[in-house]
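File shown: model-v6.cif (mmCIF, C-alpha atoms).
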data_final
loop_
_atom_site.label_atom_id
_atom_site.label_comp_id
_atom_site.auth_asym_id
_atom_site.auth_seq_id
_atom_site.Cartn_x
_atom_site.Cartn_y
_atom_site.Cartn_z
CA MET A 7 -177.58 -26.83 41.18
CA SER A 8 -175.46 -26.31 44.27
CA THR A 9 -176.71 -26.65 47.76
CA PRO A 10 -176.64 -23.51 50.03
CA ASP A 11 -173.80 -25.12 51.94
CA THR A 12 -171.39 -25.50 48.99
CA SER A 13 -172.32 -22.09 47.53
CA ALA A 14 -171.33 -20.48 50.87
CA LYS A 15 -168.01 -22.26 50.72
CA THR A 16 -167.39 -21.02 47.17
CA GLU A 17 -168.22 -17.46 48.21
CA SER A 18 -165.83 -17.47 51.14
CA ALA A 19 -163.08 -18.97 48.99
CA ALA A 20 -163.62 -16.18 46.46
CA ALA A 21 -163.53 -13.58 49.23
CA LEU A 22 -160.30 -15.09 50.51
CA SER A 23 -158.67 -14.98 47.09
CA VAL A 24 -159.84 -11.39 46.59
CA SER A 25 -158.39 -10.25 49.92
CA SER A 26 -155.06 -12.02 49.28
CA GLY A 27 -154.87 -10.39 45.83
CA GLN A 28 -155.54 -7.01 47.39
CA ARG A 29 -152.83 -7.61 49.98
CA THR A 30 -150.29 -8.39 47.27
CA ARG A 31 -151.23 -5.22 45.41
CA ARG A 32 -151.02 -3.14 48.57
CA ILE A 33 -147.57 -4.55 49.33
CA ILE A 34 -146.41 -3.75 45.80
CA ALA A 35 -147.86 -0.24 46.03
CA ALA A 36 -146.32 0.37 49.45
CA THR A 37 -142.93 -0.88 48.24
CA LEU A 38 -143.06 1.38 45.21
CA VAL A 39 -144.07 4.38 47.30
CA ALA A 40 -141.28 3.66 49.78
CA LEU A 41 -138.80 3.32 46.90
CA PHE A 42 -140.00 6.57 45.41
CA VAL A 43 -139.66 8.43 48.71
CA LEU A 44 -136.15 7.02 49.18
CA VAL A 45 -135.09 7.92 45.66
CA GLY A 46 -136.73 11.35 45.89
CA VAL A 47 -135.01 12.21 49.14
CA PHE A 48 -131.65 10.99 47.81
CA ALA A 49 -132.00 12.90 44.54
CA ALA A 50 -133.14 16.05 46.33
CA GLY A 51 -130.18 15.82 48.69
CA ARG A 52 -127.78 15.28 45.82
CA LEU A 53 -129.15 18.16 43.79
CA THR A 54 -129.32 20.72 46.59
CA ALA A 55 -126.13 19.92 48.51
CA PRO A 56 -123.54 22.64 47.75
CA ARG A 57 -120.80 20.04 47.36
CA VAL A 58 -121.24 16.33 47.53
CA GLY A 59 -118.03 14.36 47.80
CA THR A 60 -114.66 15.61 46.63
CA PRO A 61 -113.32 17.42 43.53
CA ALA A 62 -113.24 15.55 40.22
CA THR A 63 -110.03 14.84 38.34
CA ILE A 64 -110.51 17.77 35.90
CA SER A 65 -111.73 20.24 38.55
CA ALA A 66 -110.00 23.55 39.29
CA GLU A 67 -109.06 22.17 42.71
CA ALA A 68 -107.31 19.09 41.28
CA GLY A 69 -105.66 21.13 38.50
CA PHE A 70 -104.39 23.65 41.04
CA ALA A 71 -103.20 20.88 43.38
CA ARG A 72 -101.16 19.31 40.57
CA ASP A 73 -99.77 22.45 38.90
CA MET A 74 -99.01 24.24 42.15
CA GLN A 75 -96.96 21.28 43.41
CA ILE A 76 -94.74 21.53 40.32
CA HIS A 77 -94.51 25.31 40.82
CA HIS A 78 -93.74 25.06 44.54
CA ASN A 79 -91.26 22.20 44.06
CA GLN A 80 -89.22 24.38 41.71
CA ALA A 81 -89.16 27.17 44.32
CA VAL A 82 -87.81 24.62 46.81
CA GLU A 83 -85.16 23.52 44.30
CA MET A 84 -84.06 27.12 43.60
CA SER A 85 -83.98 27.95 47.33
CA MET A 86 -81.80 24.94 48.10
CA MET A 87 -79.50 25.96 45.23
CA ILE A 88 -78.96 29.52 46.48
CA ARG A 89 -78.19 28.26 49.99
CA ASP A 90 -75.25 26.41 48.42
CA LEU A 91 -74.20 29.29 46.17
CA THR A 92 -73.91 32.11 48.72
CA ASP A 93 -73.07 32.64 52.39
CA ASP A 94 -75.13 35.85 52.72
CA PRO A 95 -77.24 35.26 55.88
CA GLU A 96 -80.19 37.40 54.72
CA VAL A 97 -80.67 35.60 51.40
CA ARG A 98 -79.93 32.18 52.93
CA LEU A 99 -82.58 32.73 55.64
CA LEU A 100 -85.12 33.89 53.04
CA ALA A 101 -84.33 30.77 50.99
CA TYR A 102 -84.73 28.59 54.10
CA ASP A 103 -88.14 30.18 54.70
CA ILE A 104 -89.28 29.67 51.09
CA ALA A 105 -88.00 26.08 50.91
CA THR A 106 -89.62 24.90 54.13
CA SER A 107 -92.95 26.70 53.68
CA GLN A 108 -93.40 25.75 50.03
CA ALA A 109 -92.32 22.13 50.62
CA SER A 110 -94.96 21.97 53.33
CA GLN A 111 -97.66 23.43 51.08
CA SER A 112 -96.62 21.11 48.26
CA GLY A 113 -97.10 18.20 50.66
CA GLN A 114 -100.54 19.51 51.60
CA LEU A 115 -101.56 19.68 47.91
CA TYR A 116 -100.13 16.19 47.39
CA GLY A 117 -102.19 14.95 50.32
CA TYR A 118 -105.42 16.52 49.00
CA LEU A 119 -105.14 14.47 45.78
CA VAL A 120 -104.41 11.31 47.78
CA GLU A 121 -107.43 12.02 49.98
CA TRP A 122 -109.63 12.60 46.92
CA ASN A 123 -108.47 9.26 45.43
CA LEU A 124 -107.12 11.11 42.39
CA PRO A 125 -103.86 10.44 40.56
CA GLN A 126 -101.02 12.95 40.91
CA ALA A 127 -100.55 12.59 37.16
CA GLN A 128 -102.26 15.27 35.08
CA ALA A 129 -105.62 14.32 33.62
CA GLU A 130 -105.21 17.08 31.00
CA PRO A 131 -102.49 19.58 30.02
CA SER A 132 -101.27 21.88 32.80
CA MET A 133 -103.08 25.23 33.09
CA THR A 134 -106.26 23.86 31.49
CA TRP A 135 -108.13 24.60 34.72
CA MET A 136 -107.01 28.26 34.47
CA ALA A 137 -108.49 28.50 30.96
CA ARG A 138 -111.95 27.54 32.23
CA PRO A 139 -114.55 30.12 33.32
CA THR A 140 -114.55 31.44 36.88
CA LEU A 141 -117.38 30.83 39.35
CA GLU A 142 -118.89 34.06 38.03
CA GLY A 143 -118.68 32.82 34.45
CA ASP A 144 -115.83 35.15 33.47
CA LEU A 145 -113.18 33.61 31.24
CA HIS A 146 -110.32 35.91 32.18
CA GLY A 147 -110.15 35.78 35.96
CA HIS A 148 -110.49 38.36 38.68
CA ASP A 149 -109.12 41.42 36.89
CA GLY A 150 -110.76 40.62 33.58
CA THR A 151 -107.70 41.45 31.49
CA GLU A 152 -106.26 39.53 28.55
CA GLU A 153 -103.04 39.05 30.50
CA SER A 154 -104.73 36.77 32.98
CA ALA A 155 -106.07 34.49 30.24
CA HIS A 156 -104.22 31.22 29.81
CA ASN A 157 -104.38 28.43 27.30
CA PRO A 158 -104.21 24.73 28.10
CA GLY A 159 -100.64 23.46 27.96
CA ASP A 160 -99.09 26.91 28.48
CA PRO A 161 -96.06 26.99 30.77
CA MET A 162 -97.05 27.96 34.29
CA PRO A 163 -96.56 31.67 34.98
CA GLY A 164 -93.20 32.50 36.58
CA LEU A 165 -91.69 29.04 36.20
CA ALA A 166 -87.95 29.25 35.50
CA THR A 167 -86.66 27.46 32.41
CA PRO A 168 -84.09 24.63 32.68
CA GLU A 169 -81.58 27.02 31.02
CA GLN A 170 -82.17 29.68 33.70
CA LEU A 171 -81.62 27.07 36.43
CA ALA A 172 -78.46 25.80 34.72
CA ASN A 173 -77.20 29.37 34.50
CA LEU A 174 -77.97 30.04 38.19
CA SER A 175 -75.96 26.98 39.20
CA THR A 176 -72.84 28.45 37.53
CA LEU A 177 -72.97 31.69 39.57
CA SER A 178 -71.86 32.43 43.10
CA GLY A 179 -71.95 35.18 45.72
CA VAL A 180 -73.79 38.40 44.96
CA GLU A 181 -74.22 37.48 41.28
CA ALA A 182 -76.04 34.31 42.27
CA GLU A 183 -78.13 36.29 44.79
CA ARG A 184 -79.21 38.79 42.11
CA GLU A 185 -80.16 36.04 39.67
CA PHE A 186 -81.97 34.07 42.39
CA LEU A 187 -83.94 37.13 43.54
CA THR A 188 -84.86 38.06 39.95
CA LEU A 189 -86.06 34.53 39.17
CA MET A 190 -87.87 34.13 42.50
CA ILE A 191 -89.71 37.47 42.20
CA ALA A 192 -91.09 36.34 38.81
CA HIS A 193 -91.80 32.92 40.30
CA HIS A 194 -93.77 34.44 43.20
CA ILE A 195 -95.75 36.76 40.89
CA GLY A 196 -96.76 33.68 38.88
CA GLY A 197 -97.59 31.74 42.04
CA VAL A 198 -99.86 34.55 43.27
CA GLU A 199 -101.56 34.61 39.87
CA MET A 200 -102.24 30.87 40.02
CA ALA A 201 -103.56 31.09 43.59
CA GLU A 202 -105.89 33.96 42.60
CA ALA A 203 -107.07 31.93 39.59
CA LEU A 204 -108.02 29.13 41.99
CA LEU A 205 -109.83 31.56 44.30
CA ASP A 206 -111.83 32.77 41.27
CA ARG A 207 -112.84 29.20 40.47
CA SER A 208 -113.38 27.37 43.75
CA ASP A 209 -115.15 27.55 47.07
CA TYR A 210 -113.67 24.29 48.37
CA ARG A 211 -112.52 25.42 51.79
CA SER A 212 -109.27 23.56 52.45
CA VAL A 213 -107.87 24.51 49.03
CA THR A 214 -109.05 28.15 49.10
CA THR A 215 -107.52 28.54 52.57
CA LEU A 216 -104.17 27.37 51.22
CA ALA A 217 -104.50 29.61 48.13
CA ARG A 218 -105.21 32.67 50.29
CA GLY A 219 -102.11 31.80 52.31
CA VAL A 220 -100.04 31.66 49.12
CA VAL A 221 -101.34 35.07 48.01
CA ALA A 222 -100.61 36.67 51.40
CA ALA A 223 -97.16 35.11 51.99
CA GLN A 224 -95.81 35.45 48.47
CA THR A 225 -97.08 39.03 47.99
CA GLY A 226 -95.21 39.96 51.18
CA GLU A 227 -92.07 38.16 50.05
CA ILE A 228 -92.11 39.88 46.63
CA GLY A 229 -91.78 43.27 48.37
CA MET A 230 -89.02 41.93 50.59
CA MET A 231 -87.11 40.43 47.65
CA GLU A 232 -87.40 43.67 45.65
CA THR A 233 -85.72 45.47 48.58
CA LEU A 234 -82.99 42.82 48.76
CA LEU A 235 -82.45 43.00 44.99
CA ALA A 236 -82.26 46.82 44.99
CA ALA A 237 -79.60 46.67 47.72
CA ARG A 238 -77.54 44.31 45.53
CA THR A 239 -77.92 46.22 42.28
CA PRO A 240 -74.98 48.51 41.55
CA MET B 15 -194.33 -5.96 61.09
CA PRO B 16 -192.79 -6.43 57.65
CA PRO B 17 -194.56 -8.80 55.42
CA GLU B 18 -193.05 -12.18 54.80
CA LEU B 19 -190.95 -12.17 51.68
CA THR B 20 -191.73 -14.61 48.99
CA VAL B 21 -189.09 -17.14 47.90
CA LYS B 22 -188.68 -15.17 44.72
CA GLN B 23 -188.17 -11.91 46.62
CA GLN B 24 -185.65 -13.59 48.92
CA ARG B 25 -183.72 -14.88 45.94
CA GLU B 26 -183.69 -11.45 44.34
CA ALA B 27 -182.50 -9.81 47.56
CA ARG B 28 -179.63 -12.31 47.82
CA ARG B 29 -178.80 -11.69 44.19
CA ALA B 30 -178.78 -7.89 44.74
CA GLU B 31 -176.48 -8.37 47.72
CA LYS B 32 -174.10 -10.44 45.62
CA VAL B 33 -174.13 -7.89 42.82
CA ALA B 34 -173.45 -5.06 45.29
CA ALA B 35 -170.55 -7.03 46.84
CA LEU B 36 -169.14 -7.77 43.40
CA LYS B 37 -169.39 -4.10 42.37
CA LYS B 38 -167.69 -3.04 45.59
CA GLN B 39 -164.96 -5.57 44.97
CA GLN B 40 -164.52 -4.37 41.40
CA ALA B 41 -164.35 -0.75 42.59
CA ALA B 42 -161.68 -1.72 45.13
CA GLN B 43 -159.70 -3.54 42.47
CA LYS B 44 -159.96 -0.51 40.20
CA ARG B 45 -158.79 1.78 42.99
CA ASN B 46 -155.89 -0.50 43.83
CA ARG B 47 -154.90 -0.68 40.20
CA LEU B 48 -154.93 3.13 40.06
CA ILE B 49 -152.80 3.36 43.22
CA THR B 50 -150.32 0.89 41.78
CA LEU B 51 -150.22 2.78 38.50
CA ILE B 52 -149.62 6.17 40.18
CA ALA B 53 -147.06 4.72 42.57
CA SER B 54 -145.08 3.05 39.81
CA GLY B 55 -145.30 6.24 37.73
CA LEU B 56 -143.93 8.28 40.59
CA ALA B 57 -141.25 5.69 41.29
CA SER B 58 -140.19 5.75 37.65
CA ALA B 59 -140.06 9.55 37.73
CA GLY B 60 -138.00 9.32 40.91
CA VAL B 61 -135.54 6.89 39.38
CA LEU B 62 -135.26 9.16 36.35
CA ALA B 63 -134.61 12.17 38.63
CA LEU B 64 -131.93 10.18 40.42
CA VAL B 65 -130.24 9.24 37.17
CA ILE B 66 -130.31 12.88 35.98
CA ALA B 67 -129.00 14.10 39.34
CA PHE B 68 -126.24 11.51 39.25
CA VAL B 69 -125.21 12.41 35.70
CA VAL B 70 -125.28 16.14 36.45
CA THR B 71 -123.30 15.95 39.68
CA SER B 72 -120.77 13.38 38.59
CA SER B 73 -120.36 14.00 34.89
CA THR B 74 -116.64 13.45 35.31
CA PRO B 75 -115.94 9.92 36.45
CA LYS B 76 -113.25 9.69 39.08
CA VAL B 77 -110.04 7.89 38.29
CA ASP B 78 -108.91 6.24 41.45
CA PRO B 79 -105.31 5.11 40.87
CA ALA B 80 -105.96 2.15 43.15
CA SER B 81 -108.69 0.84 40.85
CA ILE B 82 -106.59 0.83 37.67
CA GLU B 83 -105.76 -2.73 36.57
CA ILE B 84 -102.72 -3.17 34.33
CA GLU B 85 -102.22 -6.38 32.39
CA GLY B 86 -98.77 -7.92 32.76
CA LEU B 87 -97.81 -5.79 35.78
CA ASN B 88 -94.98 -7.19 37.93
CA GLU B 89 -95.47 -6.44 41.60
CA PHE B 90 -92.66 -6.95 44.09
CA GLY B 91 -94.59 -6.33 47.32
CA THR B 92 -92.77 -5.11 50.43
CA ILE B 93 -89.07 -4.60 49.79
CA THR B 94 -86.21 -3.16 51.85
CA ALA B 95 -85.12 0.46 51.43
CA ASN B 96 -81.76 0.69 53.19
CA HIS B 97 -78.95 3.11 52.36
CA VAL B 98 -75.91 1.02 51.43
CA ASP B 99 -73.49 3.70 50.22
CA GLY B 100 -70.70 2.42 48.02
CA THR B 101 -71.87 -1.21 48.10
CA PRO B 102 -73.24 -2.42 44.76
CA VAL B 103 -76.67 -4.03 45.00
CA ASP B 104 -77.47 -7.18 42.99
CA TYR B 105 -81.13 -6.40 42.33
CA GLU B 106 -81.62 -9.54 40.23
CA THR B 107 -80.49 -11.90 43.01
CA ALA B 108 -81.88 -9.93 45.96
CA TYR B 109 -85.28 -8.98 44.55
CA GLY B 110 -85.64 -10.79 41.21
CA MET B 111 -85.68 -7.47 39.35
CA SER B 112 -83.97 -6.40 36.16
CA PRO B 113 -83.87 -3.47 35.71
CA PRO B 114 -84.25 -2.58 39.41
CA ALA B 115 -87.66 -1.37 40.60
CA GLY B 116 -86.84 -0.49 44.22
CA GLY B 117 -84.85 -1.94 47.08
CA ASP B 118 -81.65 -0.91 48.88
CA HIS B 119 -79.86 2.08 47.34
CA TRP B 120 -77.18 4.72 47.73
CA GLY B 121 -77.48 8.01 49.64
CA ALA B 122 -77.63 10.26 46.58
CA TRP B 123 -80.71 10.00 44.42
CA LEU B 124 -80.34 10.47 40.67
CA ASN B 125 -81.85 13.80 39.63
CA CYS B 126 -84.88 13.24 37.45
CA GLY B 127 -84.56 14.11 33.77
CA VAL B 128 -83.71 12.79 30.33
CA TYR B 129 -80.42 10.93 29.95
CA THR B 130 -78.73 9.63 26.80
CA GLU B 131 -76.46 7.23 28.71
CA PRO B 132 -77.10 4.31 31.08
CA GLN B 133 -77.37 5.28 34.75
CA GLN B 134 -76.14 3.89 38.07
CA ASN B 135 -78.86 1.55 39.36
CA GLU B 136 -78.31 2.38 43.05
CA ASN B 137 -78.86 6.13 42.47
CA ALA B 138 -81.88 5.66 40.21
CA VAL B 139 -83.54 3.36 42.78
CA HIS B 140 -83.28 6.17 45.35
CA ALA B 141 -85.31 8.38 42.98
CA LEU B 142 -87.96 5.63 42.78
CA GLU B 143 -88.17 5.79 46.57
CA HIS B 144 -89.22 9.45 46.16
CA GLY B 145 -92.04 8.57 43.76
CA ALA B 146 -90.25 8.97 40.43
CA LEU B 147 -90.73 6.58 37.52
CA TRP B 148 -87.68 5.14 35.80
CA VAL B 149 -88.43 4.61 32.12
CA THR B 150 -85.73 2.48 30.52
CA TYR B 151 -85.49 1.57 26.87
CA ASN B 152 -83.43 -0.79 24.76
CA PRO B 153 -81.23 1.49 22.62
CA ASP B 154 -81.01 -1.21 19.92
CA GLU B 155 -84.80 -1.36 19.54
CA LEU B 156 -85.81 2.31 19.76
CA SER B 157 -85.01 4.93 17.14
CA GLU B 158 -84.32 8.55 18.04
CA ASP B 159 -87.88 9.39 16.95
CA ASP B 160 -89.22 6.63 19.20
CA VAL B 161 -87.30 8.08 22.15
CA SER B 162 -88.65 11.59 21.57
CA ALA B 163 -92.17 10.16 21.15
CA LEU B 164 -91.69 8.31 24.43
CA ARG B 165 -90.51 11.52 26.08
CA GLY B 166 -93.64 13.28 24.87
CA GLU B 167 -95.83 10.71 26.61
CA LEU B 168 -94.19 11.25 30.02
CA PRO B 169 -94.59 13.94 32.71
CA GLU B 170 -91.82 16.57 32.75
CA SER B 171 -90.83 16.02 36.36
CA TYR B 172 -90.35 12.92 38.56
CA VAL B 173 -89.31 10.81 35.57
CA ILE B 174 -85.90 9.37 34.67
CA LEU B 175 -85.65 8.39 31.01
CA SER B 176 -82.49 6.47 30.13
CA PRO B 177 -81.21 3.73 27.82
CA TYR B 178 -80.64 0.31 29.35
CA PRO B 179 -78.50 -1.97 27.17
CA ASP B 180 -79.76 -5.54 26.61
CA LEU B 181 -83.18 -4.68 28.05
CA GLN B 182 -85.64 -7.60 27.70
CA ALA B 183 -88.34 -5.40 26.10
CA PRO B 184 -88.30 -2.23 23.97
CA VAL B 185 -89.38 -0.20 27.03
CA VAL B 186 -89.59 -1.14 30.72
CA MET B 187 -91.33 1.23 33.16
CA SER B 188 -90.44 0.96 36.82
CA GLY B 189 -91.98 2.57 39.88
CA TRP B 190 -91.20 1.56 43.47
CA ALA B 191 -91.97 -2.22 43.69
CA ASN B 192 -93.86 -2.19 40.38
CA GLN B 193 -92.68 -2.85 36.85
CA LEU B 194 -94.18 -3.19 33.39
CA GLU B 195 -92.64 -4.35 30.12
CA LEU B 196 -94.02 -2.42 27.14
CA THR B 197 -94.20 -3.72 23.59
CA GLY B 198 -93.17 -0.29 22.29
CA VAL B 199 -93.65 3.45 22.76
CA ASP B 200 -97.26 3.16 21.53
CA ASP B 201 -98.26 0.55 24.13
CA PRO B 202 -101.55 1.86 25.60
CA ARG B 203 -100.58 0.59 29.06
CA LEU B 204 -97.98 3.39 29.32
CA ALA B 205 -100.59 6.00 30.25
CA ASP B 206 -102.20 3.67 32.80
CA PHE B 207 -98.82 3.04 34.44
CA VAL B 208 -98.19 6.80 34.70
CA THR B 209 -101.65 7.46 36.15
CA LYS B 210 -101.34 4.66 38.66
CA PHE B 211 -97.72 4.99 39.79
CA TRP B 212 -96.30 8.45 38.96
CA ARG B 213 -95.60 10.13 42.34
CA SER B 214 -97.59 7.36 44.02
CA ALA B 215 -98.46 7.67 47.70
CA GLU B 216 -97.43 4.00 48.09
CA VAL B 217 -93.67 4.71 47.87
CA PRO B 218 -91.59 4.97 51.09
CA GLU B 219 -90.98 8.75 50.71
CA PRO B 220 -93.75 10.30 48.61
CA ASN B 221 -93.21 13.88 47.37
CA ALA B 222 -89.56 13.90 48.44
CA SER B 223 -87.39 15.78 45.95
CA CYS B 224 -86.15 14.45 42.62
CA THR B 225 -83.80 17.40 42.08
CA GLY B 226 -80.82 18.80 43.95
CA ALA B 227 -78.82 15.58 44.32
CA ILE B 228 -76.63 14.23 41.52
CA ASP B 229 -76.83 14.39 37.74
CA GLY B 230 -75.74 11.20 35.99
CA PRO B 231 -73.76 11.15 32.72
CA GLY B 232 -75.48 12.31 29.53
CA LYS B 233 -78.21 14.45 31.10
CA ILE B 234 -79.87 16.54 28.39
CA SER B 235 -82.91 17.86 30.27
#
Take the structure in the file and give it back as structure tokens.
Amino acid sequence: MSTPDTSAKTESAAALSVSSGQRTRRIIAATLVALFVLVGVFAAGRLTAPRVGTPATISAEAGFARDMQIHHNQAVEMSMMIRDLTDDPEVRLLAYDIATSQASQSGQLYGYLVEWNLPQAQAEPSMTWMARPTLEGDLHGHDGTEESAHNPGDPMPGLATPEQLANLSTLSGVEAEREFLTLMIAHHIGGVEMAEALLDRSDYRSVTTLARGVVAAQTGEIGMMETLLAARTP
Amino acid sequence: MPPELTVKQQREARRAEKVAALKKQQAAQKRNRLITLIASGLASAGVLALVIAFVVTSSTPKVDPASIEIEGLNEFGTITANHVDGTPVDYETAYGMSPPAGGDHWGAWLNCGVYTEPQQNENAVHALEHGALWVTYNPDELSEDDVSALRGELPESYVILSPYPDLQAPVVMSGWANQLELTGVDDPRLADFVTKFWRSAEVPEPNASCTGAIDGPGKIS
């Protein structure tokens, strides 16, 4: 049988071990609660933020940035060609305007992909992004017609073929101007269509701003080129 | 005045106190266990929510060209990019490259496209400066079908495809300051090289034109 003295010691030792066990449990509980709050806040932020980070490699924005560079770069090439094929000041100035503005926009699109840490190389066939549903869930784009539907891998609308470019390079003077204007009107109509397809599928501000600029500038230039073409058609 | 307690009563009172303390302690332990259980349950749910949120918002993994590792890649680091019109450049001696993968070059860049004949190094290198890839193949090792298969694996712009006699490998891909020897047209590293280096931002003049200068001999596209 223990003396009162030793039994008191045993009791206090037990109390000590109980309180240290409780402390450990409280620390664990507090850590878990803190972790949960952290994770909860992070998840909530991630789920509710309208756009976290930058477009993915198969997004409409990245697809547009890649395809539109190819489209714009061909407009630059054709504009530089016509400046060598004619000395008509009106057409040469128009070509200067198209070459400089589209080269600049092409550089902007190039820079977006660099900034998003995405490759310039296509992650999937060109035009795939245009075959995906719009923000409103429509498959065919803003006007809802079959014409605006595209399939992955289709040639971009309005792009001139290598044969058409080879043919243009053999012409000169007013013949070259007519061919250039005809090709560039089709090219611009296709460019506007691609820009509108992006606007139907994205609310990423820097890219939609550029796309709206393309629609406005190229729609205006189509009218101007039709006037120039009519004046050169016998 | 309360009556004196007997020894027995005193013992029982102490015992009751101990039992009460023990019960209190047990209740506290039970409560703590419950708190721990709820907290860990909530934490698990939170982690699960995070995982779901992460999967939903980043279902497409990003492909950062900088993070692509290619086995057997030859890197040439910082190299000069001077215009040396008319002067032939010995790329093997000057940079240790064959075929050339950057360096000094002539004023006219070679227009990108598909060629059936060997091309002037100094013009092709200028196209590399603009972000093009130069895909060379050994004409003795690749059949016509191989060449068209190779063509099908490459982007339609910003690529020069041409034969290179006595090439050390069936196919050698070159971008500015980077080169890779392929074992054949079905080498899986081909796609990685395109993703990492085609129109790379690391070249001296990214997004400069690869058209409008000069066509070399044997251009078919």
Determine the residue set returned by the PyMOL selection byres ((chain A) within 7 of (chain B)) for the present structure, and present it as a list in words. Arg31, Ala35, Leu38, Val39, Leu41, Phe42, Val45, Gly46, Ala49, Arg52, Leu53, Ala62, Thr63, Glu83, Gly113, Val120, Asn123, Leu124, Pro125, Gln126 and Ala127 of chain A
Within 10 Å of Arg207 of chain A, counting only C-alpha atoms, which residues qualify if same-chain residues fewer than 6 places away don't, as JSON, numbers by chain? {"A": [65, 66, 67, 135, 136, 138, 139, 140, 141, 142, 143, 144, 147, 148, 201, 214]}
Which one is closest to His119 of chain B: B:Val186, B:Tyr105, B:Glu136, B:Leu181? Count only C-alpha atoms.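 For His119 of chain B, the nearest of the given residues is B:Glu136.
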Residues matched by the PyMOL selection byres ((chain B and resi 234) around 7) as a list in words: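 Expected selection for the PyMOL selection byres ((chain B and resi 234) around 7) here is Val128, Tyr129, Gly232, Lys233 and Ser235 of chain B.
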Coordinates-based distance that separates atom CA of Asp209 of chain A from atom CA of Val47 of chain A (Å, one decimal): 25.2 Å
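Here the question is which of B:Glu155, B:Glu106, B:Glu195, B:Asp118 gets nearest to Asn88 of chain B using all atoms listed in the file, and that residue is B:Glu195.
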Exactly which residues make up the result of the PyMOL selection byres ((chain A and resi 183) around 12) on this file, given as an MDAnalysis selection string? chainID A and resid 84:85 87:98 100:101 174:182 184:191 231:232 234:239
Gap from atom CA of Gln75 of chain A to atom CA of Leu196 of chain B - Å, one decimal: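 Interatomic distance here is 28.9 Å.
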